[in-house]
Structures are given as C-alpha cells and as structure tokens.
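Have a look at the structure below before the remarks.
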Amino acid sequence: MLSYAAPLAGPDDPDAARATARSVNEYTAELVKNRPDRFGHFAALPLPDVDAALAEAVHALDVLHADGVMVLSNAHGRYPGEEAFEPLWAELDARSAVVLVHPTAPTGAPLPQVPPPLADFPYDTTRAALHMTVRGVLRRYPRVKVILPHAGGFLPYAASRFALAAHLPRTATADAPDTVPEVPAAPEDFVTDLRRFYFDTAISPGPATLPCLLAFAAPDHILYGSDYPMLPEDWSTGFDTALDTHPDWKPGQLHAVNRGNAEHLIPRLAYAP
C-alpha cells in the first residue's frame with residue numbers, strides 16, 4: 001500500500017503542494033493500474049489548504065480509484081482535529097474512506113542530537129490522535145477508518161492516563177479558545193474512542209511494544225505495516241521475523257494482522273491473488 005509520507009511543499013507554497021499531490025497521486029495510481037494485484041495506494045492531500053485537499057480527495061477517490069487518503073500528523077503546525085478541517089472529514093465520512101495519519105515532525109526545533117524520527121514522530125502521532133479524540137472527530141464521523149502507524153506512537157501505552165487527564169479542568173485562552181472541548185463523560189468512554197483507531201505494526205513488533213498494542217487495540221484494528229523503503233531492508237525483514245515469531249499469537253490472529261484485517265478494511269484486497 002503506497003503512500004507519500006512527507007510534506008508536499010514548504011508552508012508558504014500551497015501551489016507547489018497541490019501540484020506535488022496531483023503528481024504523486026497520478027504516479028502511484030499508474031502503478032496500481034498496471035499491477036492491481038501487487039499495489040494499492042493512499043492519496044496525498046495538500047493540507048492545510050482544506051479546499052485543495054477536498055478537491056484532491058474527490059479526484060483521487062473517484063478518478064484515480066485510490067484505496068484511501070494520507071494526511072500528516074500535522075500540516076505545518078495545523079492538527080487534524082481543527083474545526084477548519086471539518087469539511088474534509090465530512091466528505092471522507094460520506095465515502096467511508098480509509099485515512100492514514102502518518103507522523104511528521106512537529107513545529108519547533110528538535111532536541112539537540114535527537115533526530116525527529118527518534119522521539120518527535122511517535123510523539124506527534126500521539127498528539128494528532130489525542131487532538132482528534134478530544135475534538136470528537138471519530139464520534140461525529142464514525143464511517144471514517146483512521147490508521148495510526150507505528151502502533152499509534154505512545155497511545156496504547158498511555159491510554160488510561162490520557163483518559164483520566166482528559167477530564168482535568170482546563171481553561172480556554174484568547175489565542176486558543178477551543179481548548180475546552182466536550183470530552184466523553186467517563187474515562188472508559190474516552191478509551192473506547194481511542195480504540196476506534198486502527199494501528200499498524202511498522203517498527204513495532206518489539207518485546208514490549210507488541211504485547212502492549214495487542215492488549216489495547218481491538219483485534220480487528222491491527223494491520224501489518226513495514227515502513228519500507230524508509231527503513232533499511234534488513235530492519236524491515238527483522239521486524240517481520242519478530243512479528244512472525246511472537247510467542248503469544250492466538251489462533252488466526254497473525255493471519256488477521258498480516259492480511260485478514262486489511263481485507264475487511266479494503267475489500268478489494270480480498271480478491272487479489
């Protein structure tokens with residue numbers, strides 16, 4: 001499943017973002033057209049330009065027959081739960097779309113000697129997912145299926161803490177008037193909302209991470225992920241081996257993660273040889 005998991009252009013060049021999104025999406029659509037048994041693709045959207053993202057989503061899903069869309073955890077500092085993004089979520093909900101939320105670096109300087117993929121990427125995945133949950137995005141648009149890569153960052157590990165902390169008193173400020181959203185009435189309802197997400201296994205079959213993910217996520221919401229070719233090939237095959245040799249799989253569970261859950265999420269995959 002191909003996706004362009006990187007910013008499309010600089011923050012001050014929306015025209016380039018639109019052009020790059022169209023170019024990337026047409027290229028990947030051609031690969032799928034030539035080998036539909038081998039490839040699928042999630043179309044890139046030129047956020048934070050919501051009008052352009054809406055137009056590209058419609059074109060990608062209706063004309064290019066994309067299997068879903070890909071958005072970054074933040075678009076030049078704008079997070080997916082923002083009210084301005086509501087028209088996009090409404091359109092994707094109407095189409096029961098699959099949405100991959102891939103991490104990128106948050107705004108601001110990284111920690112010295114700590115590259116963004118090391119800490120900032122899982123942090124930003126978690127931040128985006130919490131923003132969407134606190135803002136009630138998946139409650140309002142329940143037909144959208146949102147995938148979080150890399151086991152959801154820190155989400156499974158800290159879900160109970162997040163659910164409790166979401167109910168602490170907060171105060172809106174002049175520059176952040178929407179910091180007092182409506183959250184679920186009870187912490188367990190907040191956890192239920194967090195479990196609406198799908199999670200992939202890219203870089204995550206470690207001896208601590210995988211059991212945590214399996215304990216938290218709904219069994220049919222765990223999907224295989226590789227992060228290839230962003231990682232060295234031997235890393236990817238090593239993670240595959242760790243996934244295959246995990247000692248605590250229940251009957252049929254590994255097949256569901258490797259393929260079965262994806263077939264339910266994207267039914268056309270069930271017919272690929």
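Quick note on naming: the chains in the structure tokens go A, B, ... in the order shown, residues restart at 1 in each chain, and ligands are numbered from 1 in order of appearance.
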
When you look at range 24-39 of chain A with a cut-off of 10 Å (counting only C-alpha atoms), what residues show up, excluding the ones that are within fewer than 2 positions of it in the same chain? I need them as a CSV table (one decimal) with all heavy atoms, in the first residue's frame.
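Output (selection.csv):
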```csv
chain,number,residue,atom,x,y,z
A,1,MET,N,0.9,-1.2,0.0
A,1,MET,CA,0.0,0.0,0.0
A,1,MET,C,0.9,1.2,0.0
A,1,MET,O,1.6,1.5,1.0
A,1,MET,CB,-0.9,0.0,1.2
A,1,MET,CG,-2.0,1.0,1.2
A,1,MET,SD,-3.2,0.7,-0.2
A,1,MET,CE,-3.9,-0.9,0.2
A,2,LEU,N,0.9,1.9,-1.1
A,2,LEU,CA,1.9,3.0,-1.3
A,2,LEU,C,1.3,4.3,-0.7
A,2,LEU,O,0.1,4.6,-0.8
A,2,LEU,CB,2.1,3.2,-2.8
A,2,LEU,CG,2.6,2.0,-3.6
A,2,LEU,CD1,2.6,2.3,-5.1
A,2,LEU,CD2,4.0,1.6,-3.1
A,3,SER,N,2.2,5.1,-0.1
A,3,SER,CA,1.8,6.4,0.4
A,3,SER,C,3.0,7.3,0.5
A,3,SER,O,4.1,6.8,0.6
A,3,SER,CB,1.2,6.3,1.8
A,3,SER,OG,2.1,5.8,2.8
A,4,TYR,N,2.8,8.6,0.3
A,4,TYR,CA,3.8,9.6,0.3
A,4,TYR,C,3.9,10.3,1.6
A,4,TYR,O,3.1,11.2,1.9
A,4,TYR,CB,3.6,10.6,-0.9
A,4,TYR,CG,4.7,11.6,-1.1
A,4,TYR,CD1,5.8,11.3,-1.9
A,4,TYR,CD2,4.7,12.8,-0.5
A,4,TYR,CE1,6.8,12.2,-2.1
A,4,TYR,CE2,5.7,13.8,-0.7
A,4,TYR,CZ,6.7,13.4,-1.5
A,4,TYR,OH,7.8,14.3,-1.7
A,8,LEU,N,4.5,17.9,1.3
A,8,LEU,CA,4.4,18.0,-0.1
A,8,LEU,C,5.2,19.3,-0.6
A,8,LEU,O,5.6,19.3,-1.7
A,8,LEU,CB,3.0,18.1,-0.6
A,8,LEU,CG,2.2,16.8,-0.3
A,8,LEU,CD1,0.7,17.1,-0.5
A,8,LEU,CD2,2.6,15.8,-1.3
A,19,ALA,N,0.3,20.8,-6.7
A,19,ALA,CA,0.9,20.2,-7.9
A,19,ALA,C,1.6,18.9,-7.5
A,19,ALA,O,1.5,17.9,-8.2
A,19,ALA,CB,1.9,21.2,-8.5
A,20,THR,N,2.3,18.9,-6.4
A,20,THR,CA,3.0,17.7,-5.9
A,20,THR,C,2.0,16.6,-5.6
A,20,THR,O,2.3,15.4,-5.9
A,20,THR,CB,3.9,18.0,-4.7
A,20,THR,OG1,4.9,19.0,-5.1
A,20,THR,CG2,4.7,16.8,-4.3
A,21,ALA,N,1.0,16.9,-4.9
A,21,ALA,CA,0.0,15.9,-4.5
A,21,ALA,C,-0.6,15.3,-5.8
A,21,ALA,O,-0.7,14.1,-5.9
A,21,ALA,CB,-1.2,16.6,-3.7
A,22,ARG,N,-1.0,16.1,-6.8
A,22,ARG,CA,-1.5,15.5,-8.0
A,22,ARG,C,-0.5,14.7,-8.8
A,22,ARG,O,-0.8,13.6,-9.2
A,22,ARG,CB,-2.0,16.7,-8.9
A,22,ARG,CG,-2.6,16.2,-10.3
A,22,ARG,CD,-3.8,15.3,-10.0
A,22,ARG,NE,-4.9,15.9,-9.2
A,22,ARG,CZ,-5.9,16.7,-9.7
A,22,ARG,NH1,-6.0,16.8,-11.1
A,22,ARG,NH2,-6.8,17.2,-8.9
A,41,HIS,N,-2.9,2.2,-3.1
A,41,HIS,CA,-2.3,3.5,-2.7
A,41,HIS,C,-3.3,4.4,-1.9
A,41,HIS,O,-4.5,4.3,-2.1
A,41,HIS,CB,-1.8,4.2,-3.9
A,41,HIS,CG,-2.8,4.8,-4.8
A,41,HIS,ND1,-2.9,6.2,-5.2
A,41,HIS,CD2,-3.9,4.2,-5.5
A,41,HIS,CE1,-3.9,6.4,-6.0
A,41,HIS,NE2,-4.5,5.3,-6.2
A,42,PHE,N,-2.7,5.1,-1.0
A,42,PHE,CA,-3.4,6.2,-0.3
A,42,PHE,C,-2.9,7.5,-0.9
A,42,PHE,O,-1.7,7.8,-0.9
A,42,PHE,CB,-3.0,6.1,1.2
A,42,PHE,CG,-3.5,4.9,1.9
A,42,PHE,CD1,-2.7,4.3,2.9
A,42,PHE,CD2,-4.7,4.3,1.6
A,42,PHE,CE1,-3.1,3.2,3.6
A,42,PHE,CE2,-5.1,3.2,2.3
A,42,PHE,CZ,-4.4,2.6,3.3
A,43,ALA,N,-3.9,8.3,-1.3
A,43,ALA,CA,-3.6,9.5,-2.0
A,43,ALA,C,-3.1,10.6,-1.0
A,43,ALA,O,-3.7,10.8,0.1
A,43,ALA,CB,-4.8,10.0,-2.7
A,44,ALA,N,-2.1,11.4,-1.4
A,44,ALA,CA,-1.6,12.5,-0.6
A,44,ALA,C,-2.6,13.7,-0.8
A,44,ALA,O,-3.0,14.0,-1.9
A,44,ALA,CB,-0.2,12.9,-1.0
A,45,LEU,N,-2.8,14.4,0.3
A,45,LEU,CA,-3.7,15.6,0.3
A,45,LEU,C,-2.9,16.8,0.7
A,45,LEU,O,-2.1,16.8,1.7
A,45,LEU,CB,-4.9,15.4,1.2
A,45,LEU,CG,-5.8,14.2,1.0
A,45,LEU,CD1,-7.0,14.2,1.9
A,45,LEU,CD2,-6.3,14.2,-0.5
A,56,GLU,N,-8.6,17.4,-4.1
A,56,GLU,CA,-7.7,16.3,-4.4
A,56,GLU,C,-8.3,14.9,-3.9
A,56,GLU,O,-8.1,13.9,-4.6
A,56,GLU,CB,-6.4,16.5,-3.8
A,56,GLU,CG,-5.3,15.6,-4.3
A,56,GLU,CD,-5.1,15.6,-5.8
A,56,GLU,OE1,-5.3,16.7,-6.4
A,56,GLU,OE2,-4.7,14.5,-6.3
A,59,HIS,N,-10.9,13.8,-6.4
A,59,HIS,CA,-10.3,13.4,-7.7
A,59,HIS,C,-9.6,12.0,-7.4
A,59,HIS,O,-9.7,11.1,-8.3
A,59,HIS,CB,-9.2,14.4,-8.1
A,59,HIS,CG,-8.5,14.0,-9.3
A,59,HIS,ND1,-9.0,14.1,-10.6
A,59,HIS,CD2,-7.2,13.5,-9.5
A,59,HIS,CE1,-8.1,13.6,-11.5
A,59,HIS,NE2,-7.0,13.2,-10.8
A,60,ALA,N,-8.9,11.9,-6.3
A,60,ALA,CA,-8.2,10.6,-6.1
A,60,ALA,C,-9.1,9.4,-5.9
A,60,ALA,O,-8.8,8.3,-6.4
A,60,ALA,CB,-7.3,10.8,-4.8
A,63,VAL,N,-11.6,9.4,-9.5
A,63,VAL,CA,-11.0,9.2,-10.8
A,63,VAL,C,-9.8,8.3,-10.7
A,63,VAL,O,-9.7,7.4,-11.6
A,63,VAL,CB,-10.5,10.6,-11.3
A,63,VAL,CG1,-9.8,10.5,-12.7
A,63,VAL,CG2,-11.7,11.6,-11.4
A,64,LEU,N,-9.0,8.4,-9.7
A,64,LEU,CA,-7.8,7.6,-9.6
A,64,LEU,C,-8.0,6.3,-8.9
A,64,LEU,O,-7.2,5.4,-8.8
A,64,LEU,CB,-6.6,8.4,-8.9
A,64,LEU,CG,-6.2,9.7,-9.6
A,64,LEU,CD1,-5.1,10.3,-8.8
A,64,LEU,CD2,-5.8,9.4,-11.1
A,65,HIS,N,-9.2,6.2,-8.3
A,65,HIS,CA,-9.6,5.0,-7.5
A,65,HIS,C,-8.6,4.6,-6.4
A,65,HIS,O,-8.2,3.4,-6.2
A,65,HIS,CB,-9.8,3.8,-8.5
A,65,HIS,CG,-10.7,4.1,-9.6
A,65,HIS,ND1,-12.1,4.3,-9.4
A,65,HIS,CD2,-10.5,4.2,-11.0
A,65,HIS,CE1,-12.6,4.6,-10.6
A,65,HIS,NE2,-11.7,4.5,-11.5
A,66,ALA,N,-8.2,5.6,-5.7
A,66,ALA,CA,-7.3,5.4,-4.5
A,66,ALA,C,-8.0,4.5,-3.5
A,66,ALA,O,-9.3,4.6,-3.4
A,66,ALA,CB,-6.9,6.7,-3.9
A,67,ASP,N,-7.2,3.8,-2.7
A,67,ASP,CA,-7.8,2.9,-1.7
A,67,ASP,C,-8.1,3.7,-0.4
A,67,ASP,O,-8.7,3.2,0.5
A,67,ASP,CB,-6.8,1.8,-1.4
A,67,ASP,CG,-6.7,0.9,-2.5
A,67,ASP,OD1,-7.7,0.2,-2.9
A,67,ASP,OD2,-5.6,0.8,-3.2
A,69,VAL,N,-6.8,7.8,1.7
A,69,VAL,CA,-6.0,9.1,1.6
A,69,VAL,C,-5.0,9.1,2.8
A,69,VAL,O,-5.2,8.4,3.8
A,69,VAL,CB,-6.9,10.3,1.6
A,69,VAL,CG1,-7.9,10.3,0.5
A,69,VAL,CG2,-7.6,10.4,3.0
A,268,ARG,N,-11.4,-4.8,-1.7
A,268,ARG,CA,-10.9,-5.2,-3.0
A,268,ARG,C,-9.6,-6.1,-2.8
A,268,ARG,O,-9.3,-6.9,-3.6
A,268,ARG,CB,-10.6,-4.1,-3.9
A,268,ARG,CG,-9.3,-3.3,-3.6
A,268,ARG,CD,-8.8,-2.5,-4.8
A,268,ARG,NE,-7.5,-1.9,-4.6
A,268,ARG,CZ,-6.4,-2.5,-4.9
A,268,ARG,NH1,-6.4,-3.7,-5.4
A,268,ARG,NH2,-5.2,-1.9,-4.7
A,269,LEU,N,-8.9,-5.9,-1.6
A,269,LEU,CA,-7.7,-6.7,-1.4
A,269,LEU,C,-8.1,-8.2,-1.2
A,269,LEU,O,-7.2,-9.0,-1.5
A,269,LEU,CB,-7.0,-6.2,-0.1
A,269,LEU,CG,-6.5,-4.8,-0.1
A,269,LEU,CD1,-5.9,-4.4,1.2
A,269,LEU,CD2,-5.5,-4.5,-1.3
A,271,TYR,N,-9.7,-9.9,-3.1
A,271,TYR,CA,-9.8,-10.6,-4.4
A,271,TYR,C,-8.4,-10.6,-5.1
A,271,TYR,O,-8.3,-11.1,-6.2
A,271,TYR,CB,-10.8,-9.9,-5.3
A,271,TYR,CG,-12.2,-10.0,-4.6
A,271,TYR,CD1,-12.7,-8.8,-4.0
A,271,TYR,CD2,-13.0,-11.1,-4.6
A,271,TYR,CE1,-13.9,-8.9,-3.3
A,271,TYR,CE2,-14.2,-11.2,-4.0
A,271,TYR,CZ,-14.7,-10.0,-3.4
A,271,TYR,OH,-15.9,-10.1,-2.8
A,272,ALA,N,-7.4,-10.0,-4.5
A,272,ALA,CA,-6.1,-10.0,-5.1
A,272,ALA,C,-5.4,-11.3,-4.8
A,272,ALA,O,-5.5,-11.8,-3.7
A,272,ALA,CB,-5.2,-8.9,-4.5
A,273,PRO,N,-4.7,-11.9,-5.8
A,273,PRO,CA,-4.1,-13.2,-5.5
A,273,PRO,C,-2.9,-13.1,-4.6
A,273,PRO,O,-2.3,-12.0,-4.4
A,273,PRO,CB,-3.6,-13.7,-6.9
A,273,PRO,CG,-3.5,-12.4,-7.7
A,273,PRO,CD,-4.6,-11.5,-7.1
```

task = Name the residues in contact with Arg140 in chain A at a cut-off of 12 Å, using only C-alpha atoms, excluding same-chain residues fewer than 4 positions from it; report them as a list in words.
result = Gly81, Glu86, Pro87, Trp89, Ala90, Leu92, Asp93, Ala94, Met132, Thr133, Val134, Arg135, Gly136, Val144 and Asp193 of chain A

request  = Name the residues of range 5-241 of chain A that fall into strand (DSSP E or B) according to DSSP on the backbone, using the chain letters and numbers of this document, as a list in words.
outcome  =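 The strand (DSSP E or B) residues within range 5-241 of chain A come out as His41, Phe42, Ala43, Ala44, Gly68, Val69, Met70, Val71, Leu72, Ala75, Arg78, Val98, Val99, Leu100, Val101, His102, Lys145, Val146, Ile147, Leu148, Thr173, Ala176, Tyr198, Phe199, Asp200, Ile222 and Leu223 of chain A.
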
task = Just the helix (DSSP H, G or I) stuff from range 112-207 of chain A, please, per backbone DSSP, written as number ranges by chain.
result = A: 116-134, 137-140, 150-152, 155-165, 187-194

key: Gap from CA of His221 in chain A to CA of Phe85 in chain A - Å, one decimal   =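 So the answer is 24.4 Å.
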
ask   = Got a sec: who's within 7 Å of Val191 in chain A, counting only C-alpha atoms, leaving out chain neighbours fewer than 5 positions off, as an NGL selection string?
value = :A and (159-160 or 163)

query = Of the residues A:Leu118, A:Leu61, A:Ala202, A:Ala6, which is the one nearest to Leu47 in chain A, using only C-alpha atoms?
reply = A:Ala6
